Amino acid sequence: MMADSDGPFSNSSENANQYDRRDAISDGIIDLLKPTVEEIDDRVKTVRESQVELRQQIDSLAGDLQVISSSQTISVDLESYVKKLNNSRRRVMLVNNILQNVQVRVTYILLAYFNFQYCLGAVMHFSLT
């Protein structure tokens, strides 16, 4: 027969202290990382918003250049500038996709944190009852 201190879910005070220490360490690590993760998430959102605005401005400028180019009686080669703007727009869209992937990963980290806290609370509740 197993003693009261045997097994991970026994009711001994030593086992409860062990879980208290683990809980304190995990809370400390989470409390240390959570503000940084939230700050990264906020900054990624801000950069994504500015990227969308930049893409809209590039699209508008490219359209304006095409209108100017088509209305010129004297042939001015604006096509190279339009191509440069389109290349810039593609790069902005690429950066936006990368930022979106970063934001998804940060969201997964936050979800993992909340799931960990929930599971840890359930284990602690189960082990102390």
# chains A, B, ... in the order shown; residues from 1 in each chain; ligands from 1
>>> residues_around(residues="Val37 (chain A)", least_positions_apart="6", cutoff="9 Å", atoms="only C-alpha atoms", output="PyMOL selection string")
chain A and resi 106-107+109-110
>>> residues_around(residues="region 78-80 of chain A", least_positions_apart="4", cutoff="12 Å", atoms="only C-alpha atoms", output="PyMOL selection string")
chain A and resi 61-72+74+84-87
>>> write_last_selection(atoms="all heavy atoms", output="short mmCIF file (atom, residue, chain, number, x, y, z; two decimals), in the first residue's frame")
data_model
loop_
_atom_site.label_atom_id
_atom_site.label_comp_id
_atom_site.auth_asym_id
_atom_site.auth_seq_id
_atom_site.Cartn_x
_atom_site.Cartn_y
_atom_site.Cartn_z
N LEU A 61 -0.23 57.03 -54.93
CA LEU A 61 0.83 57.70 -55.67
C LEU A 61 1.07 57.03 -57.02
O LEU A 61 1.25 57.71 -58.04
CB LEU A 61 2.12 57.72 -54.85
CG LEU A 61 3.31 58.46 -55.45
CD1 LEU A 61 2.95 59.90 -55.75
CD2 LEU A 61 4.49 58.39 -54.50
N ALA A 62 1.04 55.72 -57.06
CA ALA A 62 1.21 55.00 -58.33
C ALA A 62 0.09 55.36 -59.30
O ALA A 62 0.33 55.57 -60.50
CB ALA A 62 1.26 53.50 -58.08
N GLY A 63 -1.12 55.43 -58.79
CA GLY A 63 -2.25 55.83 -59.63
C GLY A 63 -2.10 57.24 -60.16
O GLY A 63 -2.36 57.51 -61.34
N ASP A 64 -1.66 58.14 -59.28
CA ASP A 64 -1.44 59.53 -59.69
C ASP A 64 -0.36 59.62 -60.77
O ASP A 64 -0.50 60.38 -61.74
CB ASP A 64 -1.06 60.41 -58.50
CG ASP A 64 -2.21 60.61 -57.52
OD1 ASP A 64 -3.37 60.34 -57.89
OD2 ASP A 64 -1.94 61.04 -56.37
N LEU A 65 0.72 58.88 -60.61
CA LEU A 65 1.78 58.89 -61.60
C LEU A 65 1.30 58.36 -62.94
O LEU A 65 1.69 58.87 -64.00
CB LEU A 65 2.99 58.08 -61.11
CG LEU A 65 3.89 58.75 -60.09
CD1 LEU A 65 4.97 57.80 -59.62
CD2 LEU A 65 4.52 60.02 -60.66
N GLN A 66 0.46 57.33 -62.91
CA GLN A 66 -0.06 56.79 -64.17
C GLN A 66 -0.97 57.81 -64.86
O GLN A 66 -0.94 57.94 -66.09
CB GLN A 66 -0.79 55.48 -63.92
CG GLN A 66 0.15 54.34 -63.62
CD GLN A 66 -0.57 53.05 -63.27
OE1 GLN A 66 -1.74 53.05 -62.93
NE2 GLN A 66 0.16 51.94 -63.35
N VAL A 67 -1.78 58.53 -64.08
CA VAL A 67 -2.65 59.56 -64.66
C VAL A 67 -1.80 60.67 -65.26
O VAL A 67 -2.05 61.13 -66.39
CB VAL A 67 -3.61 60.13 -63.58
CG1 VAL A 67 -4.30 61.40 -64.07
CG2 VAL A 67 -4.63 59.08 -63.19
N ILE A 68 -0.77 61.10 -64.54
CA ILE A 68 0.11 62.16 -65.05
C ILE A 68 0.82 61.69 -66.31
O ILE A 68 0.91 62.41 -67.29
CB ILE A 68 1.14 62.57 -63.97
CG1 ILE A 68 0.43 63.32 -62.83
CG2 ILE A 68 2.25 63.42 -64.56
CD1 ILE A 68 1.31 63.56 -61.62
N SER A 69 1.30 60.47 -66.28
CA SER A 69 2.03 59.92 -67.44
C SER A 69 1.13 59.84 -68.67
O SER A 69 1.56 60.14 -69.78
CB SER A 69 2.57 58.54 -67.09
OG SER A 69 3.25 57.97 -68.18
N SER A 70 -0.11 59.43 -68.48
CA SER A 70 -1.01 59.29 -69.63
C SER A 70 -1.49 60.65 -70.14
O SER A 70 -1.86 60.77 -71.30
CB SER A 70 -2.19 58.41 -69.28
OG SER A 70 -2.99 59.02 -68.28
N SER A 71 -1.49 61.69 -69.31
CA SER A 71 -1.98 63.00 -69.75
C SER A 71 -0.87 63.89 -70.29
O SER A 71 -1.16 64.96 -70.81
CB SER A 71 -2.69 63.70 -68.59
OG SER A 71 -1.76 64.03 -67.58
N GLN A 72 0.37 63.47 -70.19
CA GLN A 72 1.50 64.27 -70.69
C GLN A 72 1.55 64.22 -72.22
O GLN A 72 1.47 63.15 -72.81
CB GLN A 72 2.82 63.71 -70.14
CG GLN A 72 3.00 63.89 -68.65
CD GLN A 72 3.61 65.23 -68.31
OE1 GLN A 72 4.35 65.79 -69.09
NE2 GLN A 72 3.27 65.75 -67.15
N ILE A 74 4.23 65.61 -73.74
CA ILE A 74 5.66 65.33 -73.90
C ILE A 74 5.93 64.02 -73.19
O ILE A 74 5.53 63.82 -72.04
CB ILE A 74 6.52 66.45 -73.29
CG1 ILE A 74 6.22 67.78 -73.97
CG2 ILE A 74 7.99 66.10 -73.39
CD1 ILE A 74 6.92 68.95 -73.32
N LYS A 84 9.01 51.05 -59.57
CA LYS A 84 9.66 51.13 -58.26
C LYS A 84 8.61 51.18 -57.14
O LYS A 84 8.76 50.54 -56.10
CB LYS A 84 10.58 52.34 -58.18
CG LYS A 84 11.85 52.18 -58.98
CD LYS A 84 12.72 53.42 -58.87
CE LYS A 84 13.96 53.29 -59.75
NZ LYS A 84 14.82 54.47 -59.65
N LEU A 85 7.55 51.95 -57.37
CA LEU A 85 6.48 52.01 -56.38
C LEU A 85 5.80 50.66 -56.22
O LEU A 85 5.48 50.25 -55.10
CB LEU A 85 5.45 53.08 -56.76
CG LEU A 85 5.84 54.51 -56.47
CD1 LEU A 85 4.83 55.47 -57.07
CD2 LEU A 85 5.96 54.74 -54.97
N ASN A 86 5.57 49.97 -57.31
CA ASN A 86 4.96 48.64 -57.23
C ASN A 86 5.88 47.66 -56.49
O ASN A 86 5.39 46.84 -55.71
CB ASN A 86 4.60 48.11 -58.62
CG ASN A 86 3.39 48.79 -59.19
OD1 ASN A 86 2.53 49.26 -58.45
ND2 ASN A 86 3.32 48.87 -60.51
N ASN A 87 7.17 47.75 -56.74
CA ASN A 87 8.12 46.91 -55.99
C ASN A 87 8.08 47.25 -54.50
O ASN A 87 8.13 46.36 -53.65
CB ASN A 87 9.54 47.06 -56.54
CG ASN A 87 9.72 46.36 -57.87
OD1 ASN A 87 9.01 45.43 -58.19
ND2 ASN A 87 10.69 46.83 -58.64
#
>>> residues_around(residues="Glu38 (chain A)", least_positions_apart="2", cutoff="12 Å", atoms="only C-alpha atoms", output="list in words")
Ile30, Asp31, Leu32, Leu33, Lys34, Pro35, Thr36, Ile40, Asp41, Asp42, Arg43, Val44, Lys45, Gln103, Arg105, Val106, Thr107, Tyr108, Ile109, Leu110, Leu111 and Tyr113 of chain A
>>> closest_residue(among="A:Ile98, A:Val82, A:Ile29, A:Val104", to="Gln51 (chain A)", atoms="only C-alpha atoms")
A:Ile98
>>> atom_distance(atom1="CA of Gln117 (chain A)", atom2="CA of Ser26 (chain A)")
9.0 Å
